[in-house]
Each structure stands twice: as structure tokens, then as C-alpha cells.
file protein_19.tsv (TSV, C-alpha atoms)
chain	number	residue	atom	x	y	z
A	21	MET	CA	-15.69	-15.89	2.90
A	22	GLY	CA	-17.95	-17.17	5.66
A	23	SER	CA	-18.44	-15.27	8.90
A	24	LYS	CA	-16.89	-18.10	10.94
A	25	ASN	CA	-13.78	-18.01	8.78
A	26	LYS	CA	-13.56	-14.23	9.16
A	27	LEU	CA	-13.85	-14.48	12.94
A	28	LYS	CA	-11.14	-17.13	13.00
A	29	ARG	CA	-8.84	-14.84	11.03
A	30	PHE	CA	-9.61	-11.85	13.24
A	31	ARG	CA	-8.74	-13.92	16.32
A	32	GLU	CA	-5.52	-15.16	14.74
A	33	ASN	CA	-4.53	-11.61	13.77
A	34	GLU	CA	-4.68	-10.73	17.46
A	35	THR	CA	-1.95	-13.30	18.15
A	36	PHE	CA	0.42	-11.99	15.47
A	37	GLY	CA	3.15	-9.66	16.64
A	38	ASN	CA	3.31	-8.09	13.17
A	39	VAL	CA	-0.31	-6.85	13.18
A	40	ILE	CA	-1.42	-3.53	14.72
A	41	GLU	CA	-5.18	-2.92	15.04
A	42	PRO	CA	-5.92	0.40	16.77
A	43	THR	CA	-9.40	1.77	17.31
A	44	ARG	CA	-10.39	4.86	15.35
A	45	GLU	CA	-10.61	6.82	18.60
A	46	GLU	CA	-7.10	5.80	19.61
A	47	VAL	CA	-5.72	7.05	16.31
A	48	VAL	CA	-7.71	10.29	15.99
A	49	LEU	CA	-7.28	11.37	19.60
A	50	GLY	CA	-3.48	11.13	19.39
A	51	ALA	CA	-3.05	8.06	21.60
A	52	PHE	CA	-1.49	5.91	18.87
A	53	LYS	CA	1.92	5.03	20.29
A	54	TRP	CA	3.51	3.92	17.03
A	55	LYS	CA	3.24	7.30	15.28
A	56	GLY	CA	6.78	8.57	14.81
A	57	ASN	CA	8.17	5.40	16.40
A	58	TRP	CA	7.73	2.72	13.75
A	59	ASN	CA	11.42	2.16	13.12
A	60	LYS	CA	12.62	2.69	16.70
A	61	GLU	CA	9.95	0.67	18.52
A	62	PHE	CA	8.29	-1.66	15.99
A	63	PHE	CA	11.12	-2.68	13.65
A	64	LYS	CA	13.93	-1.68	16.02
A	65	ASN	CA	16.23	-0.40	13.27
A	66	ASP	CA	16.75	2.70	11.13
A	67	HIS	CA	16.02	1.22	7.71
A	68	PRO	CA	13.83	3.01	5.12
A	69	LEU	CA	10.10	2.77	5.87
A	70	ILE	CA	7.79	1.83	2.99
A	71	LEU	CA	3.98	1.60	2.98
A	72	GLU	CA	1.57	-0.33	0.79
A	73	LEU	CA	-1.86	1.31	0.88
A	74	GLY	CA	-4.90	-0.91	0.41
A	75	CYS	CA	-2.66	-3.95	0.67
A	76	GLY	CA	-5.41	-6.56	0.34
A	77	LYS	CA	-3.93	-9.99	1.04
A	78	GLY	CA	-0.53	-8.42	1.65
A	79	GLU	CA	1.14	-10.20	-1.25
A	80	TYR	CA	3.05	-7.14	-2.42
A	81	SER	CA	4.17	-6.12	1.06
A	82	VAL	CA	5.47	-9.61	1.76
A	83	GLY	CA	7.08	-9.85	-1.69
A	84	LEU	CA	8.89	-6.55	-1.20
A	85	ALA	CA	10.02	-7.55	2.29
A	86	GLU	CA	11.50	-10.77	0.94
A	87	ARG	CA	13.42	-8.92	-1.77
A	88	TYR	CA	14.61	-6.04	0.41
A	89	PRO	CA	15.62	-7.27	3.89
A	90	LYS	CA	17.25	-3.90	4.66
A	91	LYS	CA	13.96	-2.02	4.28
A	92	ASN	CA	10.86	-1.99	6.50
A	93	PHE	CA	7.37	-2.49	5.04
A	94	ILE	CA	3.88	-1.88	6.39
A	95	GLY	CA	0.78	-3.09	4.57
A	96	ILE	CA	-2.29	-1.00	5.39
A	97	ASP	CA	-5.90	-2.07	4.89
A	98	ILE	CA	-9.16	-1.71	6.80
A	99	LYS	CA	-10.03	-5.36	6.14
A	100	GLY	CA	-8.04	-7.49	8.55
A	101	ALA	CA	-9.46	-10.76	7.24
A	102	ARG	CA	-7.74	-9.98	3.94
A	103	PHE	CA	-4.25	-9.14	5.14
A	104	TRP	CA	-4.39	-12.11	7.54
A	105	ARG	CA	-2.85	-14.14	4.73
A	106	GLY	CA	0.15	-11.81	4.37
A	107	ALA	CA	0.63	-11.53	8.12
A	108	LYS	CA	0.54	-15.32	8.55
A	109	THR	CA	2.97	-15.85	5.67
A	110	ALA	CA	5.38	-13.33	7.21
A	111	VAL	CA	5.21	-15.10	10.57
A	112	GLU	CA	5.70	-18.52	8.98
A	113	ASN	CA	8.70	-17.28	6.97
A	114	ASN	CA	10.18	-15.32	9.88
A	115	LEU	CA	10.03	-12.03	7.98
A	116	THR	CA	10.67	-9.42	10.65
A	117	ASN	CA	10.78	-6.43	8.29
A	118	VAL	CA	7.08	-6.39	7.41
A	119	GLY	CA	4.02	-5.49	9.49
A	120	PHE	CA	0.34	-4.83	8.91
A	121	LEU	CA	-1.81	-1.95	10.13
A	122	ARG	CA	-5.59	-2.17	10.16
A	123	THR	CA	-6.91	1.33	9.60
A	124	GLN	CA	-8.41	3.62	6.98
A	125	ILE	CA	-6.14	5.37	4.48
A	126	GLU	CA	-7.87	8.64	5.42
A	127	LEU	CA	-6.21	8.39	8.84
A	128	LEU	CA	-2.67	8.06	7.48
A	129	GLU	CA	-1.33	11.29	8.99
A	130	PHE	CA	-2.64	10.20	12.40
A	131	CYS	CA	-0.63	6.97	12.19
A	132	PHE	CA	2.67	8.29	10.81
A	133	ALA	CA	4.68	11.38	11.69
A	134	GLU	CA	5.77	14.08	9.27
A	135	ASN	CA	8.69	12.88	7.10
A	136	GLU	CA	8.55	9.38	8.64
A	137	VAL	CA	7.91	7.48	5.39
A	138	ASP	CA	10.39	6.95	2.56
A	139	GLU	CA	8.12	5.44	-0.08
A	140	ILE	CA	4.49	4.50	-0.76
A	141	TRP	CA	3.05	1.81	-3.02
A	142	ILE	CA	-0.55	1.76	-4.24
A	143	THR	CA	-1.25	-1.56	-5.92
A	144	PHE	CA	-4.41	-2.30	-7.90
A	145	PRO	CA	-6.74	0.16	-6.13
A	146	ASP	CA	-10.43	0.41	-6.95
A	147	PRO	CA	-10.42	3.02	-9.77
A	148	GLN	CA	-13.74	4.49	-8.59
A	149	ILE	CA	-14.68	5.30	-12.18
A	150	LYS	CA	-17.97	7.09	-11.54
A	151	TYR	CA	-17.54	10.85	-11.20
A	152	LYS	CA	-19.37	10.95	-7.86
A	153	ARG	CA	-16.72	8.54	-6.55
A	154	THR	CA	-13.81	10.86	-7.41
A	155	LYS	CA	-13.24	11.70	-3.74
A	156	HIS	CA	-12.51	8.02	-3.08
A	157	ARG	CA	-9.81	7.64	-5.75
A	158	MET	CA	-6.54	6.97	-3.98
A	159	THR	CA	-4.58	9.33	-6.24
A	160	ASN	CA	-6.89	12.35	-6.09
A	161	SER	CA	-5.51	15.71	-4.93
A	162	GLU	CA	-6.70	15.33	-1.36
A	163	PHE	CA	-5.10	11.93	-0.92
A	164	LEU	CA	-1.84	13.11	-2.49
A	165	GLN	CA	-1.59	15.88	0.09
A	166	ARG	CA	-2.16	13.33	2.86
A	167	TYR	CA	0.70	11.25	1.50
A	168	LYS	CA	2.93	14.31	1.26
A	169	LYS	CA	2.48	14.98	4.99
A	170	VAL	CA	4.06	11.68	5.99
A	171	LEU	CA	6.58	11.30	3.16
A	172	LYS	CA	10.11	12.61	3.31
A	173	PRO	CA	10.76	15.54	0.92
A	174	ASP	CA	12.27	13.21	-1.69
A	175	GLY	CA	9.84	10.37	-0.94
A	176	LEU	CA	8.65	8.18	-3.79
A	177	MET	CA	5.13	7.23	-4.87
A	178	ASN	CA	4.35	4.10	-6.91
A	179	LEU	CA	1.05	3.27	-8.60
A	180	LYS	CA	0.57	-0.15	-10.19
A	181	THR	CA	-2.85	-0.84	-11.70
A	182	ASP	CA	-4.73	-2.82	-14.31
A	183	SER	CA	-7.09	0.13	-14.86
A	184	GLU	CA	-6.32	2.25	-17.93
A	185	PHE	CA	-8.74	4.80	-16.50
A	186	MET	CA	-6.84	5.05	-13.20
A	187	HIS	CA	-3.52	5.27	-15.02
A	188	GLY	CA	-4.73	8.06	-17.32
A	189	TYR	CA	-6.54	9.95	-14.56
A	190	THR	CA	-3.47	9.89	-12.33
A	191	LEU	CA	-1.05	10.92	-15.07
A	192	GLY	CA	-3.28	13.82	-16.07
A	193	LEU	CA	-3.63	15.00	-12.48
A	194	LEU	CA	0.11	14.72	-11.82
A	195	HIS	CA	1.00	16.76	-14.90
A	196	GLY	CA	-1.80	19.26	-14.26
A	197	GLU	CA	-0.73	19.92	-10.67
A	198	GLY	CA	3.00	20.06	-11.45
A	199	HIS	CA	4.10	16.92	-9.64
A	200	GLU	CA	7.27	15.13	-10.78
A	201	VAL	CA	6.59	12.06	-12.91
A	202	LEU	CA	9.73	9.91	-12.83
A	203	TYR	CA	8.49	6.99	-14.89
A	204	ALA	CA	5.27	5.96	-16.62
A	205	ASN	CA	4.48	2.79	-18.56
A	206	HIS	CA	1.07	1.68	-19.83
A	207	ASN	CA	2.08	-1.97	-20.25
A	208	VAL	CA	4.99	-3.05	-18.03
A	209	TYR	CA	5.13	-6.63	-19.32
A	210	ARG	CA	5.23	-5.64	-22.98
A	211	ASN	CA	7.35	-2.50	-23.03
A	212	GLU	CA	11.04	-2.66	-22.19
A	213	GLY	CA	12.50	-0.64	-19.35
A	214	ALA	CA	10.04	-1.35	-16.56
A	215	PRO	CA	11.74	-1.50	-13.14
A	216	GLU	CA	12.47	-5.08	-12.18
A	217	VAL	CA	10.59	-4.82	-8.89
A	218	VAL	CA	7.39	-3.96	-10.79
A	219	THR	CA	7.34	-7.19	-12.79
A	220	ALA	CA	9.02	-9.52	-10.29
A	221	ILE	CA	6.17	-9.44	-7.76
A	222	GLN	CA	2.72	-10.48	-8.93
A	223	THR	CA	-0.45	-10.65	-6.88
A	224	PHE	CA	-3.03	-13.41	-7.25
A	225	TYR	CA	-5.36	-11.18	-9.27
A	226	GLU	CA	-2.53	-9.75	-11.33
A	227	LYS	CA	-1.69	-13.24	-12.54
A	228	GLN	CA	-5.32	-13.66	-13.59
A	229	TYR	CA	-5.19	-10.36	-15.50
A	230	LEU	CA	-2.05	-11.49	-17.32
A	231	GLU	CA	-3.69	-14.75	-18.35
A	232	ILE	CA	-6.26	-12.75	-20.31
A	233	ASN	CA	-3.60	-10.34	-21.66
A	234	LYS	CA	-4.81	-7.38	-19.65
A	235	ALA	CA	-2.21	-4.60	-19.57
A	236	ILE	CA	-0.63	-3.71	-16.21
A	237	THR	CA	0.38	-0.06	-15.88
A	238	TYR	CA	2.84	1.67	-13.57
A	239	ILE	CA	3.73	5.23	-12.56
A	240	GLN	CA	6.49	6.40	-10.21
A	241	PHE	CA	6.34	10.02	-9.07
A	242	ARG	CA	7.11	12.59	-6.39
A	243	ILE	CA	4.50	14.88	-4.87
A	244	LYS	CA	5.39	18.57	-5.09
call {"tool": "encode", "arguments": {"input": "protein_19.tsv", "output": "C-alpha cells"}}
result
Amino acid sequence: MGSKNKLKRFRENETFGNVIEPTREEVVLGAFKWKGNWNKEFFKNDHPLILELGCGKGEYSVGLAERYPKKNFIGIDIKGARFWRGAKTAVENNLTNVGFLRTQIELLEFCFAENEVDEIWITFPDPQIKYKRTKHRMTNSEFLQRYKKVLKPDGLMNLKTDSEFMHGYTLGLLHGEGHEVLYANHNVYRNEGAPEVVTAIQTFYEKQYLEINKAITYIQFRIK
């Protein structure tokens, strides 16, 4: 993507009412007004609040919002030029139950209050295969504890990935640390029983993976 195109998208994001782009200082110093107020002030209802972390183009967030109008969704990514597409689609389709937050996943507990979130989706994250990149894996122990801080006690976690490594790593960690694995499937399009929502929404890259018969895996769990 050219720099001019990126700048155009950044400028357009600023005009969207469904995009929040705080500075790091605003978030870390406790001046972020949406923390604890997402439903009351942003969505103006009391529906369940669901996050997609590393949302990319926002395809999954928008897809979920279309399917579940009585739930609120927030796609989170540090790259605003990516989720511009999802934000624009939501505006064009008058989807008022989905928003986008430009920030780092590491700052999650600064953006959401304790017990504010009902469910989290992680879709096709970078598996960070090299050992020295373990700290960046979005399902490592440190990240799980961050998620736990903002999730309700019975909050759900969902991991959908094309990486067998990420699937296996996460399952092993969940079992090893005593978390509650509710469902696990190493090929959701081949094995029966996969939740309908997992196969009904497909991202652009997911469709490419399926064309070459690459398995898509899924885990649903609760953090203990």
C-alpha cells in the first residue's frame, strides 16, 4: 500500500464515528474516557461486549456484528490503515454495533475496565514461531492474564488460526496451566461439530488458505 493511500485512509478514519484512536499517553495515564463506558457511552446499550484482537481489515468484527445485532463488537489493531476497510463497511451498511480501536494489545487493561468484556476473539494471529518471539504470541501466559483482567468471570476466549503450531502451542499451554478448554478442532471445515459461527465467517486470507486445502483450527476456552 502506497504512503498516499495510507494517509488517505488515516484521514478518512478520523471522520468515522465508529473509530477511536487515542494516543499512548492518553491511554496509559488514565485519561481514556471510554474505559468502563463502552456500552453506556459508545454503543448506548447494555448488550454483551465482544473484542477481536489484531482485527486486521476488520472482516471478522463486521461479520460478527452483522450476525449478532444484539451484541456489541470492537475490532482492535494498531494499524489503522488496515481496519479502515472494516470501519468504512460498517458505516456504509449502517452497522451501529461495531467499532474499531487503534491501540496495542499490550494496553488492553488500560482501555477496558475489569469485567467489562464478555468475549474475545483472536483470528489468524502471527504465530511468532521462533522461540525468542514467544513473548509476542497472543496466547502466551502474560497475554492470557491481561485478557482475564478485562473479561467477566465466565468470559469466553476464541482462537481461530491456520497455524498448526499456534494451535498446538495454545492447547498445550491451556492444559498445562489448568485453563478450561471448552472445544478444540484441528480442522473445522473437515470435522463435524464445529460451531456455525466459526465456519460462517471467512476472512480474505482464510478463503485463500481454503483454496489450497490448508486446515483451519479453532479453540474455545475460559481463562482460570
call {"tool": "closest_atom_pairs", "arguments": {"input": "protein_19.tsv", "of": "range 94-155 of chain A", "to": "range 175-181 of chain A", "cutoff": "10 Å", "atoms": "all atoms listed in the file", "output": "Markdown table"}}
result
| residue | atom | partner | partner_atom | distance |
| --- | --- | --- | --- | --- |
| A:Asn135 | CA | A:Gly175 | CA | 8.5 |
| A:Glu136 | CA | A:Gly175 | CA | 9.7 |
| A:Val137 | CA | A:Gly175 | CA | 7.2 |
| A:Asp138 | CA | A:Gly175 | CA | 4.9 |
| A:Glu139 | CA | A:Leu176 | CA | 4.6 |
| A:Ile140 | CA | A:Met177 | CA | 5.0 |
| A:Trp141 | CA | A:Asn178 | CA | 4.7 |
| A:Ile142 | CA | A:Leu179 | CA | 4.9 |
| A:Thr143 | CA | A:Lys180 | CA | 4.9 |
| A:Phe144 | CA | A:Thr181 | CA | 4.4 |
| A:Pro145 | CA | A:Thr181 | CA | 6.9 |
| A:Asp146 | CA | A:Thr181 | CA | 9.0 |
| A:Pro147 | CA | A:Thr181 | CA | 8.7 |
call {"tool": "atom_distance", "arguments": {"input": "protein_19.tsv", "atom1": "CA of His187 in chain A", "atom2": "CA of Glu79 in chain A"}}
result
21.2 Å
call {"tool": "atom_distance", "arguments": {"input": "protein_19.tsv", "atom1": "CA of Asn65 in chain A", "atom2": "CA of Thr116 in chain A"}}
result
10.9 Å
call {"tool": "residues_near_point", "arguments": {"input": "protein_19.tsv", "point": "(9.5, -6.3, 7.9)", "cutoff": "6 Å", "atoms": "all atoms listed in the file", "output": "VMD selection string"}}
result
chain A and resid 85 92 to 93 115 to 119
call {"tool": "atom_distance", "arguments": {"input": "protein_19.tsv", "atom1": "CA of Arg105 in chain A", "atom2": "CA of Leu127 in chain A"}}
result
23.1 Å
call {"tool": "residues_around", "arguments": {"input": "protein_19.tsv", "residues": "range 131-133 of chain A", "least_positions_apart": "3", "cutoff": "12 Å", "atoms": "only C-alpha atoms", "output": "count of residues only"}}
result
43
call {"tool": "closest_residue", "arguments": {"input": "protein_19.tsv", "among": "A:Pro215, A:Met158, A:Arg29, A:Phe130", "to": "Glu72 in chain A", "atoms": "all atoms listed in the file"}}
result
A:Met158
call {"tool": "build_atoms", "arguments": {"input": "protein_19.tsv", "residues": "range 64-86 of chain A", "atoms": "N, CA and C atoms", "output": "CSV table (one decimal), keeping the file's coordinate frame"}}
result
chain,number,residue,atom,x,y,z
A,64,LYS,N,12.7,-1.8,15.2
A,64,LYS,CA,13.9,-1.7,16.0
A,64,LYS,C,15.2,-1.6,15.1
A,65,ASN,N,15.1,-0.7,14.1
A,65,ASN,CA,16.2,-0.4,13.3
A,65,ASN,C,16.0,0.9,12.6
A,66,ASP,N,16.9,1.4,11.8
A,66,ASP,CA,16.8,2.7,11.1
A,66,ASP,C,16.7,2.6,9.6
A,67,HIS,N,16.1,1.5,9.1
A,67,HIS,CA,16.0,1.2,7.7
A,67,HIS,C,14.9,2.1,7.1
A,68,PRO,N,14.9,2.3,5.8
A,68,PRO,CA,13.8,3.0,5.1
A,68,PRO,C,12.5,2.4,5.4
A,69,LEU,N,11.5,3.2,5.6
A,69,LEU,CA,10.1,2.8,5.9
A,69,LEU,C,9.2,2.9,4.6
A,70,ILE,N,8.6,1.8,4.2
A,70,ILE,CA,7.8,1.8,3.0
A,70,ILE,C,6.4,1.3,3.3
A,71,LEU,N,5.4,2.0,2.8
A,71,LEU,CA,4.0,1.6,3.0
A,71,LEU,C,3.4,1.1,1.7
A,72,GLU,N,2.5,0.1,1.9
A,72,GLU,CA,1.6,-0.3,0.8
A,72,GLU,C,0.2,0.0,1.2
A,73,LEU,N,-0.5,0.9,0.5
A,73,LEU,CA,-1.9,1.3,0.9
A,73,LEU,C,-2.9,0.5,0.2
A,74,GLY,N,-3.9,0.0,1.0
A,74,GLY,CA,-4.9,-0.9,0.4
A,74,GLY,C,-4.2,-2.2,0.0
A,75,CYS,N,-3.6,-2.8,1.0
A,75,CYS,CA,-2.7,-4.0,0.7
A,75,CYS,C,-3.4,-5.3,0.4
A,76,GLY,N,-4.7,-5.3,0.6
A,76,GLY,CA,-5.4,-6.6,0.3
A,76,GLY,C,-4.8,-7.7,1.1
A,77,LYS,N,-4.5,-8.8,0.4
A,77,LYS,CA,-3.9,-10.0,1.0
A,77,LYS,C,-2.5,-9.8,1.5
A,78,GLY,N,-1.9,-8.7,1.2
A,78,GLY,CA,-0.5,-8.4,1.6
A,78,GLY,C,0.6,-9.1,0.8
A,79,GLU,N,0.2,-9.5,-0.4
A,79,GLU,CA,1.1,-10.2,-1.2
A,79,GLU,C,2.3,-9.3,-1.7
A,80,TYR,N,2.0,-8.0,-2.0
A,80,TYR,CA,3.0,-7.1,-2.4
A,80,TYR,C,4.0,-6.7,-1.3
A,81,SER,N,3.4,-6.5,-0.1
A,81,SER,CA,4.2,-6.1,1.1
A,81,SER,C,5.1,-7.2,1.4
A,82,VAL,N,4.6,-8.5,1.4
A,82,VAL,CA,5.5,-9.6,1.8
A,82,VAL,C,6.5,-9.8,0.7
A,83,GLY,N,6.1,-9.7,-0.6
A,83,GLY,CA,7.1,-9.8,-1.7
A,83,GLY,C,8.2,-8.8,-1.6
A,84,LEU,N,7.9,-7.6,-1.3
A,84,LEU,CA,8.9,-6.6,-1.2
A,84,LEU,C,9.8,-6.8,0.0
A,85,ALA,N,9.2,-7.3,1.1
A,85,ALA,CA,10.0,-7.6,2.3
A,85,ALA,C,11.0,-8.7,2.0
A,86,GLU,N,10.6,-9.7,1.3
A,86,GLU,CA,11.5,-10.8,0.9
A,86,GLU,C,12.7,-10.3,0.1
